[in-house]
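**Q** Below is one structure. I have some questions about it.
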Amino acid sequence: MRRLLERQQAGELATRHVRAVAETVGVSERTVWRWLEQAKTTGQVEAPVRQGYAVSDEVWALLGEVGGNVAELRRRLAAAGGASVPSASTLHRVIRRDRRAGRALMVEREPEVAGPRRPDPLSELGLNVVAGQGAGGQVFLREQKHLAQVPVLVPGAQVVHTPAVRSVLRTVAHAAAVGAVVCLYGDAGQGKTVALQYALSQLPHPARIRRVHVGVHPTVPELRRVLADALELGRRLPRGAGEADLMLVNALRQPRVLVLDEAQRLPGPALEFLRGLWDHPDTDTALVLAGAGSERALRRVPALASRVLTWELVPRLGPREVATVMAAFHPLWEDVSEDDVAWVDEHVGHGNFRTWAKMTSHLTAESYGRTRAVVDRRMLERACARLMGPL
(Lines give C-alpha, C1' and ligand atoms only; values in the text may rest on other atoms or scores of the structure.)
Protein backbone atom coordinates (compact mmCIF):
# COMPACT_ATOMS: atom_id res chain seq x y z
CA MET A 1 0.00 0.00 0.00
CA ARG A 2 2.94 2.35 0.67
CA ARG A 3 4.13 2.00 -2.93
CA LEU A 4 0.62 2.60 -4.26
CA LEU A 5 0.28 5.73 -2.14
CA GLU A 6 3.63 7.02 -3.39
CA ARG A 7 2.58 6.47 -7.01
CA GLN A 8 -0.78 8.14 -6.40
CA GLN A 9 0.83 11.20 -4.81
CA ALA A 10 3.24 11.42 -7.76
CA GLY A 11 0.35 11.14 -10.22
CA GLU A 12 1.70 7.86 -11.64
CA LEU A 13 -0.89 5.43 -10.27
CA ALA A 14 -2.68 3.44 -13.00
CA THR A 15 -5.31 0.74 -12.96
CA ARG A 16 -2.75 -1.86 -13.97
CA HIS A 17 -0.86 -1.26 -10.72
CA VAL A 18 -3.99 -1.88 -8.66
CA ARG A 19 -4.84 -4.95 -10.74
CA ALA A 20 -1.36 -6.40 -10.19
CA VAL A 21 -1.66 -5.96 -6.42
CA ALA A 22 -5.16 -7.48 -6.41
CA GLU A 23 -4.01 -10.57 -8.32
CA THR A 24 -0.97 -10.97 -6.06
CA VAL A 25 -2.92 -10.67 -2.81
CA GLY A 26 -5.95 -12.58 -4.11
CA VAL A 27 -8.65 -9.94 -3.72
CA SER A 28 -10.74 -7.83 -6.09
CA GLU A 29 -9.59 -4.51 -7.52
CA ARG A 30 -12.37 -2.76 -5.61
CA THR A 31 -10.93 -4.11 -2.36
CA VAL A 32 -7.49 -2.67 -3.17
CA TRP A 33 -9.02 0.70 -4.03
CA ARG A 34 -10.88 0.64 -0.68
CA TRP A 35 -7.66 -0.17 1.16
CA LEU A 36 -5.99 2.72 -0.61
CA GLU A 37 -8.70 5.15 0.52
CA GLN A 38 -8.46 3.84 4.07
CA ALA A 39 -4.67 4.28 4.00
CA LYS A 40 -5.06 7.91 2.90
CA THR A 41 -7.55 8.56 5.70
CA THR A 42 -5.96 6.64 8.58
CA GLY A 43 -2.32 6.58 7.53
CA GLN A 44 -2.23 2.78 7.94
CA VAL A 45 -0.32 1.39 4.96
CA GLU A 46 -0.48 -2.30 5.87
CA ALA A 47 -3.28 -4.24 4.19
CA PRO A 48 -5.90 -5.33 6.73
CA VAL A 49 -6.09 -8.99 7.62
CA ARG A 50 -9.19 -10.65 6.19
CA GLN A 51 -10.82 -12.65 8.94
CA GLY A 52 -13.52 -14.18 6.73
CA TYR A 53 -17.05 -15.17 7.66
CA ALA A 54 -17.62 -18.12 10.00
CA VAL A 55 -20.91 -19.92 10.65
CA SER A 56 -21.67 -20.10 14.36
CA ASP A 57 -23.25 -23.13 16.02
CA GLU A 58 -26.55 -21.25 16.35
CA VAL A 59 -26.63 -20.40 12.63
CA TRP A 60 -25.64 -23.98 11.78
CA ALA A 61 -28.54 -25.31 13.85
CA LEU A 62 -30.87 -22.89 12.08
CA LEU A 63 -29.59 -24.23 8.74
CA GLY A 64 -30.69 -27.70 9.81
CA GLU A 65 -34.14 -26.40 10.77
CA VAL A 66 -34.68 -25.00 7.26
CA GLY A 67 -33.59 -28.25 5.61
CA GLY A 68 -30.23 -27.01 4.33
CA ASN A 69 -31.87 -24.17 2.38
CA VAL A 70 -29.24 -21.40 2.21
CA ALA A 71 -31.64 -18.82 0.74
CA GLU A 72 -34.16 -19.40 3.54
CA LEU A 73 -31.36 -19.27 6.13
CA ARG A 74 -30.22 -15.90 4.80
CA ARG A 75 -33.79 -14.55 4.87
CA ARG A 76 -34.17 -15.59 8.50
CA LEU A 77 -30.85 -14.01 9.46
CA ALA A 78 -31.91 -10.77 7.79
CA ALA A 79 -35.31 -10.87 9.49
CA ALA A 80 -33.61 -11.38 12.87
CA GLY A 81 -31.86 -8.04 12.39
CA GLY A 82 -28.29 -9.26 12.57
CA ALA A 83 -25.47 -6.74 12.45
CA SER A 84 -24.11 -8.01 9.14
CA VAL A 85 -25.64 -10.68 6.92
CA PRO A 86 -23.20 -12.10 4.33
CA SER A 87 -24.08 -12.37 0.66
CA ALA A 88 -25.72 -15.56 -0.60
CA SER A 89 -22.57 -16.65 -2.46
CA THR A 90 -20.38 -16.12 0.64
CA LEU A 91 -22.83 -17.98 2.88
CA HIS A 92 -23.09 -20.85 0.42
CA ARG A 93 -19.29 -21.05 0.02
CA VAL A 94 -18.60 -21.13 3.77
CA ILE A 95 -21.30 -23.75 4.39
CA ARG A 96 -19.97 -25.94 1.59
CA ARG A 97 -16.44 -25.59 3.00
CA ASP A 98 -17.59 -26.64 6.47
CA ARG A 99 -19.54 -29.62 5.10
CA ARG A 100 -16.52 -30.81 3.16
CA ALA A 101 -14.48 -30.52 6.35
CA GLY A 102 -16.87 -32.97 8.03
CA ARG A 103 -19.25 -30.65 9.86
CA ALA A 104 -22.51 -32.59 10.11
CA LEU A 105 -25.81 -31.00 9.15
CA MET A 106 -28.71 -32.25 11.28
CA VAL A 107 -31.86 -31.92 9.20
CA GLU A 108 -35.27 -32.34 10.74
CA ARG A 109 -37.28 -35.35 9.61
CA GLU A 110 -40.35 -35.05 7.44
CA PRO A 111 -43.64 -35.24 9.40
CA GLU A 112 -45.20 -38.66 9.65
CA VAL A 113 -48.40 -39.27 7.71
CA ALA A 114 -51.16 -41.25 9.38
CA GLY A 115 -52.25 -44.48 7.71
CA PRO A 116 -50.39 -46.95 5.47
CA ARG A 117 -47.79 -45.52 3.12
CA ARG A 118 -46.39 -46.95 -0.08
CA PRO A 119 -42.65 -47.65 0.15
CA ASP A 120 -40.47 -44.79 -1.04
CA PRO A 121 -38.73 -45.85 -4.29
CA LEU A 122 -35.68 -43.83 -3.25
CA SER A 123 -35.25 -45.79 -0.04
CA GLU A 124 -35.80 -49.05 -1.92
CA LEU A 125 -33.03 -48.08 -4.32
CA GLY A 126 -30.67 -47.16 -1.51
CA LEU A 127 -30.38 -43.45 -2.36
CA ASN A 128 -29.21 -41.60 0.75
CA VAL A 129 -31.04 -38.28 0.38
CA VAL A 130 -31.27 -35.66 3.10
CA ALA A 131 -34.89 -35.02 4.05
CA GLY A 132 -36.35 -31.55 3.88
CA GLN A 133 -36.50 -28.82 1.29
CA GLY A 134 -37.21 -25.13 1.71
CA ALA A 135 -39.36 -23.30 -0.80
CA GLY A 136 -37.39 -22.10 -3.80
CA GLY A 137 -33.93 -22.78 -2.35
CA GLN A 138 -31.00 -25.13 -2.60
CA VAL A 139 -31.37 -28.78 -1.69
CA PHE A 140 -28.34 -30.55 -0.29
CA LEU A 141 -27.66 -34.25 -0.80
CA ARG A 142 -25.22 -36.29 1.19
CA GLU A 143 -22.10 -37.26 -0.68
CA GLN A 144 -23.01 -39.94 -3.23
CA LYS A 145 -20.97 -42.57 -5.00
CA HIS A 146 -20.37 -42.53 -8.77
CA LEU A 147 -20.32 -38.71 -8.76
CA ALA A 148 -17.06 -38.65 -10.73
CA GLN A 149 -18.84 -40.31 -13.67
CA VAL A 150 -20.98 -37.22 -14.29
CA PRO A 151 -19.44 -35.00 -16.99
CA VAL A 152 -19.71 -31.28 -16.24
CA LEU A 153 -17.36 -30.22 -19.10
CA VAL A 154 -15.56 -27.50 -17.11
CA PRO A 155 -12.39 -28.28 -15.07
CA GLY A 156 -13.04 -27.78 -11.38
CA ALA A 157 -16.83 -27.68 -11.76
CA GLN A 158 -19.27 -29.88 -9.90
CA VAL A 159 -22.90 -30.88 -10.07
CA VAL A 160 -25.13 -28.42 -8.22
CA HIS A 161 -27.95 -29.95 -6.21
CA THR A 162 -30.66 -27.56 -7.35
CA PRO A 163 -34.36 -28.36 -6.91
CA ALA A 164 -34.44 -29.38 -10.59
CA VAL A 165 -31.61 -31.90 -10.12
CA ARG A 166 -33.28 -33.35 -7.04
CA SER A 167 -36.59 -33.64 -8.91
CA VAL A 168 -34.93 -35.49 -11.81
CA LEU A 169 -33.21 -37.77 -9.29
CA ARG A 170 -36.52 -38.71 -7.71
CA THR A 171 -38.25 -39.17 -11.07
CA VAL A 172 -35.56 -41.50 -12.40
CA ALA A 173 -35.43 -43.46 -9.13
CA HIS A 174 -39.21 -43.83 -9.12
CA ALA A 175 -39.24 -45.01 -12.75
CA ALA A 176 -36.45 -47.52 -12.08
CA ALA A 177 -38.32 -48.93 -9.09
CA VAL A 178 -41.62 -49.54 -10.89
CA GLY A 179 -40.50 -49.97 -14.52
CA ALA A 180 -42.32 -46.88 -15.79
CA VAL A 181 -42.06 -44.55 -18.78
CA VAL A 182 -40.99 -40.96 -18.06
CA CYS A 183 -40.37 -37.94 -20.26
CA LEU A 184 -37.58 -35.49 -19.44
CA TYR A 185 -37.92 -32.27 -21.42
CA GLY A 186 -36.98 -28.60 -21.51
CA ASP A 187 -35.29 -26.09 -23.80
CA ALA A 188 -31.83 -26.87 -25.16
CA GLY A 189 -29.02 -26.14 -22.71
CA GLN A 190 -31.10 -26.16 -19.52
CA GLY A 191 -29.06 -28.96 -17.90
CA LYS A 192 -31.21 -31.99 -18.74
CA THR A 193 -28.27 -34.18 -19.70
CA VAL A 194 -26.20 -33.38 -16.61
CA ALA A 195 -29.21 -33.86 -14.31
CA LEU A 196 -30.03 -37.17 -16.01
CA GLN A 197 -26.41 -38.36 -15.88
CA TYR A 198 -26.27 -37.53 -12.19
CA ALA A 199 -29.55 -39.32 -11.46
CA LEU A 200 -28.40 -42.41 -13.34
CA SER A 201 -25.04 -42.38 -11.54
CA GLN A 202 -26.86 -42.59 -8.19
CA LEU A 203 -28.80 -45.75 -9.02
CA PRO A 204 -27.53 -48.74 -7.02
CA HIS A 205 -27.11 -50.96 -10.11
CA PRO A 206 -25.35 -48.89 -12.80
CA ALA A 207 -24.67 -52.02 -14.88
CA ARG A 208 -28.41 -52.30 -15.60
CA ILE A 209 -28.53 -48.93 -17.39
CA ARG A 210 -28.72 -49.14 -21.17
CA ARG A 211 -28.44 -46.15 -23.51
CA VAL A 212 -30.07 -46.03 -26.93
CA HIS A 213 -28.63 -43.71 -29.57
CA VAL A 214 -30.95 -43.02 -32.51
CA GLY A 215 -30.51 -41.05 -35.70
CA VAL A 216 -32.94 -38.54 -37.17
CA HIS A 217 -36.34 -40.07 -38.02
CA PRO A 218 -35.30 -43.73 -37.76
CA THR A 219 -37.50 -46.40 -39.28
CA VAL A 220 -38.95 -49.19 -37.13
CA PRO A 221 -36.33 -51.72 -38.35
CA GLU A 222 -33.57 -49.21 -37.51
CA LEU A 223 -35.01 -48.61 -34.04
CA ARG A 224 -35.35 -52.37 -33.51
CA ARG A 225 -31.69 -52.76 -34.39
CA VAL A 226 -30.39 -50.05 -32.02
CA LEU A 227 -32.56 -51.44 -29.21
CA ALA A 228 -31.06 -54.88 -29.82
CA ASP A 229 -27.56 -53.41 -29.74
CA ALA A 230 -28.29 -51.59 -26.46
CA LEU A 231 -29.60 -54.83 -24.95
CA GLU A 232 -26.61 -56.77 -26.36
CA LEU A 233 -28.79 -58.85 -28.68
CA GLY A 234 -27.44 -57.54 -31.98
CA ARG A 235 -25.69 -60.69 -33.18
CA ARG A 236 -28.52 -63.01 -32.10
CA LEU A 237 -31.48 -60.99 -33.38
CA PRO A 238 -33.59 -63.05 -35.85
CA ARG A 239 -34.38 -61.64 -39.27
CA GLY A 240 -38.13 -61.99 -38.85
CA ALA A 241 -39.82 -58.98 -37.23
CA GLY A 242 -42.11 -61.09 -35.02
CA GLU A 243 -39.32 -63.26 -33.65
CA ALA A 244 -37.06 -60.23 -33.16
CA ASP A 245 -39.75 -58.38 -31.21
CA LEU A 246 -40.31 -61.45 -29.02
CA MET A 247 -36.59 -61.54 -28.22
CA LEU A 248 -36.70 -57.84 -27.30
CA VAL A 249 -39.65 -58.45 -24.96
CA ASN A 250 -37.82 -61.31 -23.28
CA ALA A 251 -34.80 -59.04 -22.74
CA LEU A 252 -37.03 -56.30 -21.31
CA ARG A 253 -38.32 -58.67 -18.63
CA GLN A 254 -35.20 -57.93 -16.58
CA PRO A 255 -35.28 -54.84 -14.34
CA ARG A 256 -33.33 -52.25 -16.30
CA VAL A 257 -33.35 -48.56 -17.16
CA LEU A 258 -33.36 -47.83 -20.88
CA VAL A 259 -32.37 -44.23 -21.68
CA LEU A 260 -33.30 -42.83 -25.08
CA ASP A 261 -31.90 -39.33 -25.53
CA GLU A 262 -33.01 -36.96 -28.31
CA ALA A 263 -36.40 -38.65 -28.29
CA GLN A 264 -37.84 -35.79 -30.37
CA ARG A 265 -36.11 -37.40 -33.38
CA LEU A 266 -38.48 -40.38 -33.28
CA PRO A 267 -41.35 -40.35 -35.81
CA GLY A 268 -44.84 -41.64 -35.02
CA PRO A 269 -44.31 -45.26 -36.18
CA ALA A 270 -41.16 -45.61 -34.06
CA LEU A 271 -42.98 -44.26 -30.99
CA GLU A 272 -45.87 -46.65 -31.63
CA PHE A 273 -43.33 -49.48 -31.76
CA LEU A 274 -42.00 -48.45 -28.33
CA ARG A 275 -45.54 -48.30 -26.99
CA GLY A 276 -46.14 -51.87 -28.18
CA LEU A 277 -43.02 -53.14 -26.42
CA TRP A 278 -43.86 -51.44 -23.13
CA ASP A 279 -47.49 -52.57 -23.31
CA HIS A 280 -46.38 -56.18 -22.96
CA PRO A 281 -47.27 -57.41 -19.45
CA ASP A 282 -43.84 -59.02 -18.97
CA THR A 283 -41.89 -55.81 -19.57
CA ASP A 284 -40.12 -54.73 -16.37
CA THR A 285 -37.71 -52.14 -17.82
CA ALA A 286 -38.02 -48.41 -17.15
CA LEU A 287 -37.90 -46.14 -20.20
CA VAL A 288 -36.54 -42.59 -19.97
CA LEU A 289 -37.33 -40.47 -23.03
CA ALA A 290 -35.34 -37.22 -22.94
CA GLY A 291 -34.68 -34.30 -25.22
CA ALA A 292 -35.67 -30.74 -26.09
CA GLY A 293 -39.12 -31.08 -27.68
CA SER A 294 -39.55 -34.72 -26.67
CA GLU A 295 -42.83 -33.87 -24.93
CA ARG A 296 -44.28 -32.55 -28.20
CA ALA A 297 -43.22 -35.68 -30.06
CA LEU A 298 -44.86 -37.94 -27.47
CA ARG A 299 -48.05 -35.87 -27.46
CA ARG A 300 -48.49 -36.75 -31.13
CA VAL A 301 -48.86 -40.42 -30.11
CA PRO A 302 -51.63 -40.35 -27.47
CA ALA A 303 -51.37 -44.10 -26.80
CA LEU A 304 -47.78 -43.67 -25.62
CA ALA A 305 -48.31 -40.28 -23.97
CA SER A 306 -51.04 -41.74 -21.78
CA ARG A 307 -48.53 -44.27 -20.43
CA VAL A 308 -45.99 -41.67 -19.31
CA LEU A 309 -45.80 -41.77 -15.52
CA THR A 310 -44.03 -38.41 -15.07
CA TRP A 311 -43.53 -35.40 -17.32
CA GLU A 312 -40.35 -33.87 -15.89
CA LEU A 313 -39.57 -30.30 -16.97
CA VAL A 314 -36.03 -28.98 -16.41
CA PRO A 315 -36.52 -25.18 -16.30
CA ARG A 316 -34.03 -22.41 -16.86
CA LEU A 317 -32.32 -20.85 -13.85
CA GLY A 318 -34.27 -18.02 -12.26
CA PRO A 319 -32.60 -14.59 -11.96
CA ARG A 320 -32.58 -14.84 -8.15
CA GLU A 321 -30.83 -18.22 -8.04
CA VAL A 322 -28.15 -17.75 -10.73
CA ALA A 323 -25.54 -16.23 -8.39
CA THR A 324 -25.92 -18.97 -5.76
CA VAL A 325 -25.97 -21.80 -8.31
CA MET A 326 -22.90 -20.54 -10.17
CA ALA A 327 -20.94 -20.04 -6.94
CA ALA A 328 -21.62 -23.70 -6.16
CA PHE A 329 -20.91 -24.75 -9.77
CA HIS A 330 -17.35 -23.37 -9.98
CA PRO A 331 -14.99 -21.53 -7.57
CA LEU A 332 -14.44 -18.75 -10.14
CA TRP A 333 -17.89 -17.34 -9.37
CA GLU A 334 -17.53 -17.30 -5.59
CA ASP A 335 -16.17 -13.73 -5.38
CA VAL A 336 -18.07 -12.24 -8.32
CA SER A 337 -20.62 -9.69 -7.18
CA GLU A 338 -24.30 -10.41 -7.61
CA ASP A 339 -24.60 -7.28 -9.77
CA ASP A 340 -21.99 -8.62 -12.21
CA VAL A 341 -23.70 -12.02 -12.31
CA ALA A 342 -27.05 -10.34 -12.98
CA TRP A 343 -25.43 -8.30 -15.78
CA VAL A 344 -24.06 -11.44 -17.46
CA ASP A 345 -27.40 -13.23 -17.12
CA GLU A 346 -29.25 -10.27 -18.64
CA HIS A 347 -26.92 -9.92 -21.62
CA VAL A 348 -25.84 -13.51 -22.35
CA GLY A 349 -26.82 -16.17 -19.81
CA HIS A 350 -30.63 -15.87 -19.75
CA GLY A 351 -30.75 -18.70 -17.19
CA ASN A 352 -29.33 -21.22 -19.69
CA PHE A 353 -26.96 -23.56 -17.89
CA ARG A 354 -25.04 -24.53 -21.04
CA THR A 355 -24.33 -20.86 -21.78
CA TRP A 356 -23.12 -20.34 -18.21
CA ALA A 357 -20.87 -23.42 -18.51
CA LYS A 358 -19.34 -22.00 -21.72
CA MET A 359 -18.84 -18.66 -19.99
CA THR A 360 -17.08 -20.47 -17.12
CA SER A 361 -14.88 -22.32 -19.61
CA HIS A 362 -13.74 -19.03 -21.18
CA LEU A 363 -12.98 -17.51 -17.77
CA THR A 364 -11.10 -20.66 -16.72
CA ALA A 365 -8.94 -20.49 -19.84
CA GLU A 366 -8.21 -16.78 -19.36
CA SER A 367 -7.22 -17.19 -15.71
CA TYR A 368 -5.11 -20.32 -16.30
CA GLY A 369 -1.78 -20.19 -14.49
CA ARG A 370 -2.76 -17.53 -11.98
CA THR A 371 -2.43 -18.25 -8.28
CA ARG A 372 -5.91 -16.87 -7.63
CA ALA A 373 -8.25 -15.75 -10.36
CA VAL A 374 -10.09 -12.47 -9.80
CA VAL A 375 -13.02 -12.16 -12.20
CA ASP A 376 -13.88 -8.52 -12.86
CA ARG A 377 -16.26 -6.78 -15.28
CA ARG A 378 -13.61 -6.53 -17.99
CA MET A 379 -13.04 -10.29 -17.99
CA LEU A 380 -16.78 -10.87 -18.09
CA GLU A 381 -17.16 -8.48 -21.03
CA ARG A 382 -14.41 -10.29 -22.97
CA ALA A 383 -15.98 -13.69 -22.29
CA CYS A 384 -19.42 -12.39 -23.34
CA ALA A 385 -17.92 -11.03 -26.56
CA ARG A 386 -16.51 -14.47 -27.38
CA LEU A 387 -19.96 -16.00 -26.93
CA MET A 388 -22.11 -13.49 -28.78
CA GLY A 389 -19.87 -10.90 -30.44
CA PRO A 390 -19.30 -7.29 -29.31
CA LEU A 391 -21.99 -5.94 -26.97
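We name chains A, B, ... following the order of the C-alpha coordinates; residues begin at 1 in each chain, and ligands are numbered from 1 as shown.
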Might you pull out every residue within 10 Å of Asp187 (chain A), with only C-alpha atoms counted and same-chain residues fewer than 4 positions away left off, and present them as a ChimeraX atom specification?
**A** /A:191-192,291-293,313-316,352
**Q** Would you output that residue set with all heavy atoms, as a CSV table (one decimal), in the first residue's frame?
**A**
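Dumped to part-v9.csv:
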```
chain,number,residue,atom,x,y,z
A,191,GLY,N,-29.7,-28.1,-18.9
A,191,GLY,CA,-29.1,-29.0,-17.9
A,191,GLY,C,-29.7,-30.3,-17.8
A,191,GLY,O,-29.5,-31.0,-16.8
A,192,LYS,N,-30.5,-30.7,-18.8
A,192,LYS,CA,-31.2,-32.0,-18.7
A,192,LYS,C,-30.2,-33.1,-18.7
A,192,LYS,O,-30.4,-34.1,-17.9
A,192,LYS,CB,-32.1,-32.1,-20.0
A,192,LYS,CG,-33.3,-31.1,-20.1
A,192,LYS,CD,-34.2,-31.4,-21.2
A,192,LYS,CE,-33.4,-31.3,-22.6
A,192,LYS,NZ,-32.8,-30.0,-22.8
A,291,GLY,N,-35.1,-35.1,-24.1
A,291,GLY,CA,-34.7,-34.3,-25.2
A,291,GLY,C,-35.5,-33.0,-25.3
A,291,GLY,O,-36.7,-33.0,-24.8
A,292,ALA,N,-34.9,-32.0,-25.9
A,292,ALA,CA,-35.7,-30.7,-26.1
A,292,ALA,C,-36.7,-30.9,-27.2
A,292,ALA,O,-36.4,-31.2,-28.3
A,292,ALA,CB,-34.7,-29.6,-26.5
A,293,GLY,N,-38.0,-30.8,-26.8
A,293,GLY,CA,-39.1,-31.1,-27.7
A,293,GLY,C,-39.6,-32.5,-27.6
A,293,GLY,O,-40.5,-32.9,-28.4
A,313,LEU,N,-40.1,-31.5,-16.3
A,313,LEU,CA,-39.6,-30.3,-17.0
A,313,LEU,C,-38.3,-29.8,-16.2
A,313,LEU,O,-38.4,-29.6,-15.0
A,313,LEU,CB,-40.6,-29.2,-17.0
A,313,LEU,CG,-40.1,-27.8,-17.4
A,313,LEU,CD1,-39.7,-27.8,-18.9
A,313,LEU,CD2,-41.2,-26.8,-17.2
A,314,VAL,N,-37.2,-29.6,-17.0
A,314,VAL,CA,-36.0,-29.0,-16.4
A,314,VAL,C,-36.0,-27.5,-16.8
A,314,VAL,O,-35.8,-27.2,-18.0
A,314,VAL,CB,-34.8,-29.7,-16.9
A,314,VAL,CG1,-33.5,-29.0,-16.3
A,314,VAL,CG2,-34.8,-31.1,-16.5
A,315,PRO,N,-36.4,-26.6,-15.9
A,315,PRO,CA,-36.5,-25.2,-16.3
A,315,PRO,C,-35.2,-24.4,-16.3
A,315,PRO,O,-34.2,-25.0,-15.9
A,315,PRO,CB,-37.4,-24.6,-15.2
A,315,PRO,CG,-37.0,-25.4,-14.0
A,315,PRO,CD,-36.7,-26.8,-14.5
A,316,ARG,N,-35.2,-23.3,-16.9
A,316,ARG,CA,-34.0,-22.4,-16.9
A,316,ARG,C,-33.8,-21.8,-15.5
A,316,ARG,O,-34.8,-21.8,-14.6
A,316,ARG,CB,-34.1,-21.3,-17.9
A,316,ARG,CG,-35.2,-20.3,-17.6
A,316,ARG,CD,-35.2,-19.1,-18.6
A,316,ARG,NE,-35.5,-19.6,-19.9
A,316,ARG,CZ,-34.6,-19.6,-21.0
A,316,ARG,NH1,-33.4,-19.1,-20.7
A,316,ARG,NH2,-35.0,-20.1,-22.1
A,352,ASN,N,-29.7,-20.0,-19.0
A,352,ASN,CA,-29.3,-21.2,-19.7
A,352,ASN,C,-28.0,-21.8,-19.1
A,352,ASN,O,-27.0,-21.2,-19.2
A,352,ASN,CB,-29.2,-20.9,-21.2
A,352,ASN,CG,-29.0,-22.2,-22.0
A,352,ASN,OD1,-28.0,-22.8,-22.0
A,352,ASN,ND2,-30.1,-22.5,-22.8
```
**Q** Find the residues around Phe273 (chain A) up to 12 Å (only C-alpha atoms counted), leave out those fewer than 2 positions away in its own chain, and share them as a list in words.
**A**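 Everything that qualifies: Pro218, Thr219, Val220, Pro221, Glu222, Leu223, Arg224, Leu227, Ala241, Asp245, Leu248, Val249, Leu266, Pro267, Gly268, Pro269, Ala270, Leu271, Arg275, Gly276, Leu277, Trp278, Asp279, His280, Val301, Ala303 and Leu304 of chain A.
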**Q** I'd like the interatomic distance between CA of Val212 (chain A) and CA of Pro302 (chain A), to a tenth of an Å.
**A**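 Rounded to one decimal, the two atoms are 22.3 Å apart.
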**Q** Determine which residues of region 253-326 of chain A DSSP labels as strand (DSSP E) from the backbone of this structure, then write them out as number ranges by chain.
**A** A: 256-260, 285-290, 308-313
**Q** Can you pull out the residues contacting Thr15 (chain A)? Cut-off 12 Å, using only C-alpha atoms, and skip same-chain residues under 3 positions away; I want them as a ChimeraX atom specification.
**A** /A:4,7-8,12,18-22,29-30,32-33
